[in-house]
Amino acid sequence: MADPRFYSVSGPFSLGHLAEISGAVIGDSADSEKLFYDVAPLSTAQVDQISFWDNKLYIDEFKSSQAGACLVRPDVKPVSDQMALLKTPDPYTAYAQIAQAFYPESSLKANHSKSAAIDPSAEIGAHCQIAAGAVIGSRVKIGEKTQIGENAVIADGVEIGADCLIGPHVTIQKSLIGNRVVLHPGVRVGQDGFGFALSEKGHAKVPQLGRVIIEDDVEIGANSTIDRGAGPDTVIGQGTKIDNLVQIAHNVNIGRNCIIVSQVGISGSTKIGDFVIMGGQAGLTGHLTIGDGVQIAAQAGVMRDIEPGQKVGGTPAVPMRQWLKSAALMEKLLKSDKKS
Amino acid sequence: MADPRFYSVSGPFSLGHLAEISGAVIGDSADSEKLFYDVAPLSTAQVDQISFWDNKLYIDEFKSSQAGACLVRPDVKPVSDQMALLKTPDPYTAYAQIAQAFYPESSLKANHSKSAAIDPSAEIGAHCQIAAGAVIGSRVKIGEKTQIGENAVIADGVEIGADCLIGPHVTIQKSLIGNRVVLHPGVRVGQDGFGFALSEKGHAKVPQLGRVIIEDDVEIGANSTIDRGAGPDTVIGQGTKIDNLVQIAHNVNIGRNCIIVSQVGISGSTKIGDFVIMGGQAGLTGHLTIGDGVQIAAQAGVMRDIEPGQKVGGTPAVPMRQWLKSAALMEKLLKSDKKS
Amino acid sequence: MADPRFYSVSGPFSLGHLAEISGAVIGDSADSEKLFYDVAPLSTAQVDQISFWDNKLYIDEFKSSQAGACLVRPDVKPVSDQMALLKTPDPYTAYAQIAQAFYPESSLKANHSKSAAIDPSAEIGAHCQIAAGAVIGSRVKIGEKTQIGENAVIADGVEIGADCLIGPHVTIQKSLIGNRVVLHPGVRVGQDGFGFALSEKGHAKVPQLGRVIIEDDVEIGANSTIDRGAGPDTVIGQGTKIDNLVQIAHNVNIGRNCIIVSQVGISGSTKIGDFVIMGGQAGLTGHLTIGDGVQIAAQAGVMRDIEPGQKVGGTPAVPMRQWLKSAALMEKLLKSDKKS
């Protein structure tokens, strides 16, 4: 069970209700009225808790689990009378939905702290929380039910949609933020891009005159940095999820539903398609075009455009199979070099 | 045009005034009295706006541009009667100067927020802004016209010069900062270096007794971290520009006018010359000496000293040509391996 | 001498006292009553200062040093009448102990700032400092003599031990922190892990229901991010030291006395043994097991389990000797390719 100092669990919910929430189908003979009190991993789940099994590697955990119910793929057979099966093509997504029901986002406090500094010209929607020490600049607009965390700074003119979670210590400047956006602590949005005209006499700063546009349902991890555009905007597309300590440079345009893992760096003016996945610490040079559905391995160094659907790895990045073969070939060469 | 929620444009300026600001020469027959109202990229510029052309790749954009004036290199010929040419050996630097005139740094508010916590012993120059929630420690000295952002923390004894922009959420400890320095949100300056005497019984902390010295005209990007020296100081030389999420370890000494791109890491006691350029995610081990004018490719891993003027890439870093040849050779070897 | 604007030196201490503090043995004929006023590097130390020599590379500095005393290994012979030798198997650890005596952590201010927002239900131990702008949530527990820095945010339910240094701008959520823990500015502890059920319809957020457990004597560098567990906890073991800008993902379990250098990234559910050392910018994929005493080179990309005591480098990481040979072999191949 989650630590009650930090979490409070909702429920109980009947098996039938959990099936409804998740779109799963209850297996033969299971009692849809039976109550469930929590989610839990296969290895620790009890008879009044629900778990999920989605990865063949964990078949032993599944077979020996004491869970009272388990989300599984449609072709899975029952392993005990005790465990009801909830069948779905995507058990992990179904689990996410059920876990959200047991652990909804903490209820809004919906107050404005006395120690927050809110400019009188700001327009703040109903049921918003503005936490202690937060600073809200002039002409800022914030939608309903959005939370602004402790000591966050929302600079002049910024607009934020409804149902957003803006974490403590976040800084937002010169940006337009959609609905249901989550920014974790220390995210920096909208500062100057890294734009200088280089010269032997010293480097002249080029004014950065664009904005950051963050579309609906985006989530950005702790201490990540999103620079504003130099003239065009920097754009993060709808549903894209960005991990911690990621760098997004000026004018970058990221499509919808991308997954960008921790410590990735994307250089200026690069354009990323939809449903692109980037492993941790990957780096992309500037002015590239990365197609829809591209997958980039962790630590890859991408220096050329990538066609839609390609998988690449290595520095400089090459097709994934070539990268893996290179490593194998190098091992082979080392062995024959030793013999010679 | 830049979004008026975030930017206000100065001007208009006559073509003659723009030539004067940028040191460019007005081409034949252009009207130096004509007024210009904004800067814009070649592709969107209108007849009352000025643009620049510096990269041969964009020749089509130049030829079809509707801009009323364009900064170009001296040998460029006119392409239309509508577009006046402003000739200069360095169009991008000239553009930076003109854009700065249209979009000067926002005028100072020059007040001290009531919610700032300013120690009575601090000496704050004329026309400074101390924003909401900022904390200014004892004996701090701040020069004229410097701005301290929201919730920034300037610890005891720190000295900051004139005309600096210290962003929101910046932390500065045990440091001396020059004039016209820009620190973006979340920059950490002057915390303990990573100094431990390793031992099987546990690692003993070595007191870090130096400072950080940041010279004039330095700019440091969001969430970058500059540790103070262990005994000697950590130094960032005049005019050096550092991007976001960069790590500078204790005792590092960086020369003048370097360009250090995002997510670079420089290990302790490494000494960097003047005008060095480092691509994103490059890493340098400790106690190295990197000569003037060295260029280090993105993601390079530098483990040895580098002579002035060299270009290197790869991990471990080798001369750039060798690195590029290695990648080509590996491709060749893979092909012949496949055949054999 | 350390800059008196930032440091005040304790002492003087007699040679006998310094030997006692550090467990070192005074060499023949040295005067144990002689007073010392400071620590200093070999090259600048004066006759009333103590230095250390631990690295053969610096033998010239040792021989010409004006230091009045020097910590050395047991087999070192005197080089001048002026310099007393303090003999110990580990001069750098002994130096750390002596430097700590000259420069103890700054004395506690032990007050609660009026501008701090402290929830009435929080339990704060004796002699704690709660600095300006700090926010302490409901039911927070803080041990004796712990310092909470300016504008730090300690969220509801968090527990922190005694003698901790929590820096300015730190955020802590859903975490239990031990004693003598040091968190540098901008560290983010306990935010949501990066957990999504990926799907073509968009990615569903998986509630993150675990905590972060930080054991005694851990130190974490500026702007590092430690996500909380998804169900299990994220754990940082006793005595482990983490540098700046490091990413620790959900469910990671790090053993005791590890050294993790700047910009390392460790992916979810990876388990690290004791006394593991990771060079800067190394990356580890998820669900790995890394044995005790493993050493991972800077920028390495680790994709497989590593047995205890192994040293690895490269991406994908291989045994260190193989990695170094690969680089040498590539150079050889390039030369023969040129000839052919």
# chains A, B, ... in the order shown; residues from 1 in each chain; ligands from 1
$ interface_residues --of "chain B" --to "chain C" --cutoff "6 Å" --atoms "only C-alpha atoms" --output "list in words"
Gly157, Lys174, Ala197, Gly202, Val206 and Leu209 of chain B
$ residues_around --residues "A:Lys271" --least-positions-apart "3" --cutoff "10 Å" --atoms "only C-alpha atoms" --output "list in words"
Thr234, Val235, Asn251, Val252, Asn253, Ile254, Gly255, Ile266, Ser267, Gly268, Gly286, His287, Leu288, Thr289, Ile290, Gly291 and Asp305 of chain A
$ write_last_selection --atoms "N, CA and C atoms" --output "compact mmCIF listing (two decimals), in the first residue's frame"
# COMPACT_ATOMS: atom_id res chain seq x y z
N THR A 234 9.15 28.31 -30.44
CA THR A 234 9.47 26.94 -30.03
C THR A 234 8.14 26.28 -29.69
N VAL A 235 7.89 25.07 -30.24
CA VAL A 235 6.57 24.44 -30.07
C VAL A 235 6.72 23.02 -29.54
N ASN A 251 13.40 27.62 -31.42
CA ASN A 251 12.79 27.32 -32.72
C ASN A 251 12.54 25.83 -32.94
N VAL A 252 12.88 24.98 -31.97
CA VAL A 252 12.58 23.56 -32.13
C VAL A 252 11.07 23.38 -32.20
N ASN A 253 10.64 22.47 -33.08
CA ASN A 253 9.22 22.18 -33.23
C ASN A 253 9.01 20.69 -33.03
N ILE A 254 8.38 20.32 -31.94
CA ILE A 254 8.17 18.91 -31.61
C ILE A 254 6.71 18.57 -31.85
N GLY A 255 6.46 17.43 -32.52
CA GLY A 255 5.11 17.01 -32.86
C GLY A 255 4.32 16.48 -31.67
N ILE A 266 18.14 18.81 -27.82
CA ILE A 266 17.72 19.05 -29.20
C ILE A 266 18.14 20.46 -29.59
N SER A 267 18.98 20.56 -30.63
CA SER A 267 19.53 21.86 -31.01
C SER A 267 18.54 22.67 -31.84
N GLY A 268 18.88 23.93 -32.05
CA GLY A 268 17.98 24.91 -32.59
C GLY A 268 17.38 24.57 -33.95
N GLY A 286 21.31 20.93 -35.01
CA GLY A 286 20.27 21.86 -35.39
C GLY A 286 19.77 21.68 -36.82
N HIS A 287 18.62 22.26 -37.12
CA HIS A 287 18.08 22.37 -38.48
C HIS A 287 17.81 21.01 -39.11
N LEU A 288 17.56 19.97 -38.30
CA LEU A 288 17.22 18.64 -38.83
C LEU A 288 15.71 18.48 -38.96
N THR A 289 15.32 17.49 -39.78
CA THR A 289 13.92 17.06 -39.86
C THR A 289 13.85 15.58 -39.50
N ILE A 290 13.13 15.26 -38.44
CA ILE A 290 13.01 13.88 -37.95
C ILE A 290 11.57 13.45 -38.19
N GLY A 291 11.39 12.37 -38.96
CA GLY A 291 10.05 11.96 -39.39
C GLY A 291 9.20 11.36 -38.28
N ASP A 305 19.02 14.32 -41.23
CA ASP A 305 17.58 14.08 -41.23
C ASP A 305 17.31 12.58 -41.13
$ closest_residue --among "A:Asn55, A:Gln310, A:Gln191, A:Ser138" --to "A:Asp292" --atoms "only C-alpha atoms"
A:Gln310
$ residues_around --residues "A:Val294" --least-positions-apart "3" --cutoff "9 Å" --atoms "only C-alpha atoms" --output "JSON, numbers by chain"
{"A": [272, 273, 274, 275, 276, 277, 278, 290, 291, 306, 307, 308, 309, 310, 311, 312]}
$ write_last_selection --atoms "C-alpha atoms" --output "short mmCIF file (atom, residue, chain, number, x, y, z; two decimals), in the first residue's frame"
data_model
loop_
_atom_site.label_atom_id
_atom_site.label_comp_id
_atom_site.auth_asym_id
_atom_site.auth_seq_id
_atom_site.Cartn_x
_atom_site.Cartn_y
_atom_site.Cartn_z
CA ILE A 272 10.47 16.48 -34.84
CA GLY A 273 7.42 14.54 -36.13
CA ASP A 274 4.67 12.80 -34.16
CA PHE A 275 5.15 9.71 -31.97
CA VAL A 276 8.96 10.04 -32.03
CA ILE A 277 10.78 8.26 -29.18
CA MET A 278 14.24 9.40 -28.00
CA ILE A 290 13.01 13.88 -37.95
CA GLY A 291 10.05 11.96 -39.39
CA ILE A 306 15.78 10.80 -40.48
CA GLU A 307 12.98 9.35 -42.59
CA PRO A 308 9.70 8.42 -40.88
CA GLY A 309 9.67 5.11 -39.02
CA GLN A 310 13.47 4.65 -38.94
CA LYS A 311 15.38 3.42 -35.86
CA VAL A 312 18.87 4.83 -35.34
#
$ residues_around --residues "stretch 79-88 of chain B" --least-positions-apart "6" --cutoff "10 Å" --atoms "only C-alpha atoms" --output "JSON list (two decimals) with N, CA and C atoms, in the first residue's frame"
[["chain", "number", "residue", "atom", "x", "y", "z"],
["B", 15, "LEU", "N", 16.75, 54.43, -42.67],
["B", 15, "LEU", "CA", 17.78, 53.56, -43.21],
["B", 15, "LEU", "C", 19.17, 54.08, -42.85],
["B", 16, "GLY", "N", 19.33, 55.39, -42.90],
["B", 16, "GLY", "CA", 20.62, 55.99, -42.55],
["B", 16, "GLY", "C", 21.00, 55.70, -41.11],
["B", 18, "LEU", "N", 19.99, 53.16, -39.31],
["B", 18, "LEU", "CA", 20.29, 51.72, -39.19],
["B", 18, "LEU", "C", 21.69, 51.42, -39.72],
["B", 19, "ALA", "N", 22.08, 52.12, -40.79],
["B", 19, "ALA", "CA", 23.44, 51.94, -41.33],
["B", 19, "ALA", "C", 24.46, 52.40, -40.29],
["B", 22, "SER", "N", 24.91, 49.94, -37.33],
["B", 22, "SER", "CA", 25.49, 48.63, -37.65],
["B", 22, "SER", "C", 26.82, 48.74, -38.38],
["B", 23, "GLY", "N", 27.21, 49.93, -38.71],
["B", 23, "GLY", "CA", 28.45, 50.10, -39.46],
["B", 23, "GLY", "C", 28.37, 49.64, -40.90],
["B", 24, "ALA", "N", 27.15, 49.45, -41.42],
["B", 24, "ALA", "CA", 26.99, 49.00, -42.80],
["B", 24, "ALA", "C", 26.95, 50.20, -43.74],
["B", 25, "VAL", "N", 27.18, 49.92, -45.02],
["B", 25, "VAL", "CA", 27.21, 50.97, -46.04],
["B", 25, "VAL", "C", 25.97, 50.84, -46.93],
["B", 26, "ILE", "N", 25.29, 51.96, -47.15],
["B", 26, "ILE", "CA", 24.07, 51.93, -47.94],
["B", 26, "ILE", "C", 24.39, 51.78, -49.43],
["B", 27, "GLY", "N", 23.77, 50.81, -50.08],
["B", 27, "GLY", "CA", 24.01, 50.57, -51.51],
["B", 27, "GLY", "C", 23.55, 51.74, -52.37],
["B", 28, "ASP", "N", 23.98, 51.70, -53.61],
["B", 28, "ASP", "CA", 23.68, 52.78, -54.56],
["B", 28, "ASP", "C", 22.19, 53.11, -54.59],
["B", 29, "SER", "N", 21.90, 54.40, -54.61],
["B", 29, "SER", "CA", 20.57, 54.91, -54.93],
["B", 29, "SER", "C", 19.48, 54.63, -53.91],
["B", 30, "ALA", "N", 19.86, 54.01, -52.77],
["B", 30, "ALA", "CA", 18.84, 53.79, -51.75],
["B", 30, "ALA", "C", 18.55, 55.09, -51.02],
["B", 31, "ASP", "N", 17.33, 55.21, -50.52],
["B", 31, "ASP", "CA", 16.89, 56.44, -49.84],
["B", 31, "ASP", "C", 17.19, 56.32, -48.35],
["B", 32, "SER", "N", 18.18, 57.08, -47.89],
["B", 32, "SER", "CA", 18.61, 56.93, -46.49],
["B", 32, "SER", "C", 17.58, 57.51, -45.52],
["B", 34, "LYS", "N", 14.33, 56.83, -45.73],
["B", 34, "LYS", "CA", 13.18, 55.92, -45.63],
["B", 34, "LYS", "C", 13.10, 55.29, -44.22],
["B", 46, "GLN", "N", 8.35, 42.56, -44.72],
["B", 46, "GLN", "CA", 7.55, 43.44, -45.56],
["B", 46, "GLN", "C", 8.41, 44.63, -46.02],
["B", 47, "VAL", "N", 7.78, 45.50, -46.79],
["B", 47, "VAL", "CA", 8.53, 46.60, -47.40],
["B", 47, "VAL", "C", 9.03, 47.62, -46.39],
["B", 48, "ASP", "N", 8.42, 47.67, -45.22],
["B", 48, "ASP", "CA", 8.91, 48.60, -44.20],
["B", 48, "ASP", "C", 9.72, 47.89, -43.10],
["B", 49, "GLN", "N", 10.22, 46.70, -43.44],
["B", 49, "GLN", "CA", 11.04, 45.95, -42.48],
["B", 49, "GLN", "C", 12.41, 45.62, -43.07],
["B", 50, "ILE", "N", 13.38, 45.37, -42.17],
["B", 50, "ILE", "CA", 14.74, 45.07, -42.60],
["B", 50, "ILE", "C", 15.10, 43.63, -42.22],
["B", 51, "SER", "N", 15.79, 42.95, -43.12],
["B", 51, "SER", "CA", 16.19, 41.57, -42.90],
["B", 51, "SER", "C", 17.70, 41.43, -43.11],
["B", 52, "PHE", "N", 18.21, 40.18, -43.12],
["B", 52, "PHE", "CA", 19.64, 39.97, -43.42],
["B", 52, "PHE", "C", 19.78, 38.69, -44.21],
["B", 62, "PHE", "N", 16.32, 34.98, -50.32],
["B", 62, "PHE", "CA", 16.81, 36.34, -50.54],
["B", 62, "PHE", "C", 16.20, 36.93, -51.81],
["B", 63, "LYS", "N", 16.25, 36.14, -52.90],
["B", 63, "LYS", "CA", 15.81, 36.66, -54.20],
["B", 63, "LYS", "C", 14.32, 36.99, -54.23],
["B", 64, "SER", "N", 13.54, 36.22, -53.45],
["B", 64, "SER", "CA", 12.08, 36.44, -53.50],
["B", 64, "SER", "C", 11.57, 37.27, -52.32],
["B", 65, "SER", "N", 12.49, 37.76, -51.49],
["B", 65, "SER", "CA", 12.04, 38.46, -50.28],
["B", 65, "SER", "C", 11.40, 39.81, -50.61],
["B", 66, "GLN", "N", 10.37, 40.16, -49.85],
["B", 66, "GLN", "CA", 9.70, 41.45, -49.98],
["B", 66, "GLN", "C", 10.27, 42.50, -49.03],
["B", 67, "ALA", "N", 11.39, 42.16, -48.35],
["B", 67, "ALA", "CA", 11.97, 43.11, -47.38],
["B", 67, "ALA", "C", 12.31, 44.44, -48.06],
["B", 68, "GLY", "N", 12.10, 45.53, -47.36],
["B", 68, "GLY", "CA", 12.45, 46.84, -47.88],
["B", 68, "GLY", "C", 13.94, 47.12, -47.81],
["B", 69, "ALA", "N", 14.64, 46.39, -46.96],
["B", 69, "ALA", "CA", 16.10, 46.53, -46.87],
["B", 69, "ALA", "C", 16.67, 45.21, -46.38],
["B", 70, "CYS", "N", 17.95, 44.97, -46.75],
["B", 70, "CYS", "CA", 18.58, 43.72, -46.35],
["B", 70, "CYS", "C", 20.06, 43.93, -46.12],
["B", 71, "LEU", "N", 20.54, 43.41, -44.99],
["B", 71, "LEU", "CA", 21.98, 43.42, -44.70],
["B", 71, "LEU", "C", 22.63, 42.29, -45.48],
["B", 72, "VAL", "N", 23.64, 42.61, -46.28],
["B", 72, "VAL", "CA", 24.29, 41.59, -47.11],
["B", 72, "VAL", "C", 25.80, 41.81, -47.09],
["B", 73, "ARG", "N", 26.55, 40.82, -47.60],
["B", 73, "ARG", "CA", 28.00, 40.98, -47.76],
["B", 73, "ARG", "C", 28.28, 41.97, -48.89],
["B", 94, "ALA", "N", 25.70, 42.65, -37.77],
["B", 94, "ALA", "CA", 24.99, 43.91, -38.03],
["B", 94, "ALA", "C", 23.50, 43.77, -37.72]]
$ atom_distance --atom1 "atom CA of C:Gln295" --atom2 "atom CA of C:Val246"
16.8 Å
$ select_by_dssp --residues "stretch 220-306 of chain B" --states "strand (DSSP E)" --output "compact mmCIF listing (two decimals) with C-alpha atoms, in the first residue's frame"
# COMPACT_ATOMS: atom_id res chain seq x y z
CA ILE B 220 25.05 31.61 -18.63
CA THR B 225 25.86 24.84 -12.54
CA ILE B 226 29.20 26.50 -11.77
CA THR B 234 36.69 28.77 -10.71
CA VAL B 235 36.93 31.45 -13.43
CA ILE B 236 34.71 32.25 -16.43
CA LYS B 241 28.69 32.50 -23.49
CA ILE B 242 27.44 29.31 -21.82
CA GLN B 247 28.32 21.73 -15.71
CA ILE B 248 31.51 23.60 -14.76
CA ASN B 253 39.44 28.19 -15.72
CA ILE B 254 37.70 29.27 -18.92
CA ILE B 259 31.03 29.35 -26.78
CA ILE B 260 29.89 26.38 -24.70
CA GLY B 265 30.42 19.01 -18.76
CA ILE B 266 33.91 20.24 -17.82
CA LYS B 271 41.99 25.06 -18.24
CA ILE B 272 40.31 26.33 -21.43
CA ILE B 277 33.91 26.35 -29.09
CA MET B 278 32.34 23.21 -27.58
CA GLY B 283 32.59 16.17 -21.91
CA LEU B 284 36.12 16.96 -20.72
CA THR B 289 44.78 22.17 -20.97
CA ILE B 290 42.75 23.17 -24.04
CA GLN B 295 36.77 23.38 -31.54
CA ILE B 296 35.25 20.32 -29.86
CA GLY B 301 34.79 12.91 -24.89
CA VAL B 302 38.06 14.77 -24.41
$ atom_distance --atom1 "atom CA of A:Gly229" --atom2 "atom CA of A:Gln208"
6.3 Å
$ atom_distance --atom1 "atom CA of B:Ala152" --atom2 "atom CA of C:Glu159"
25.7 Å
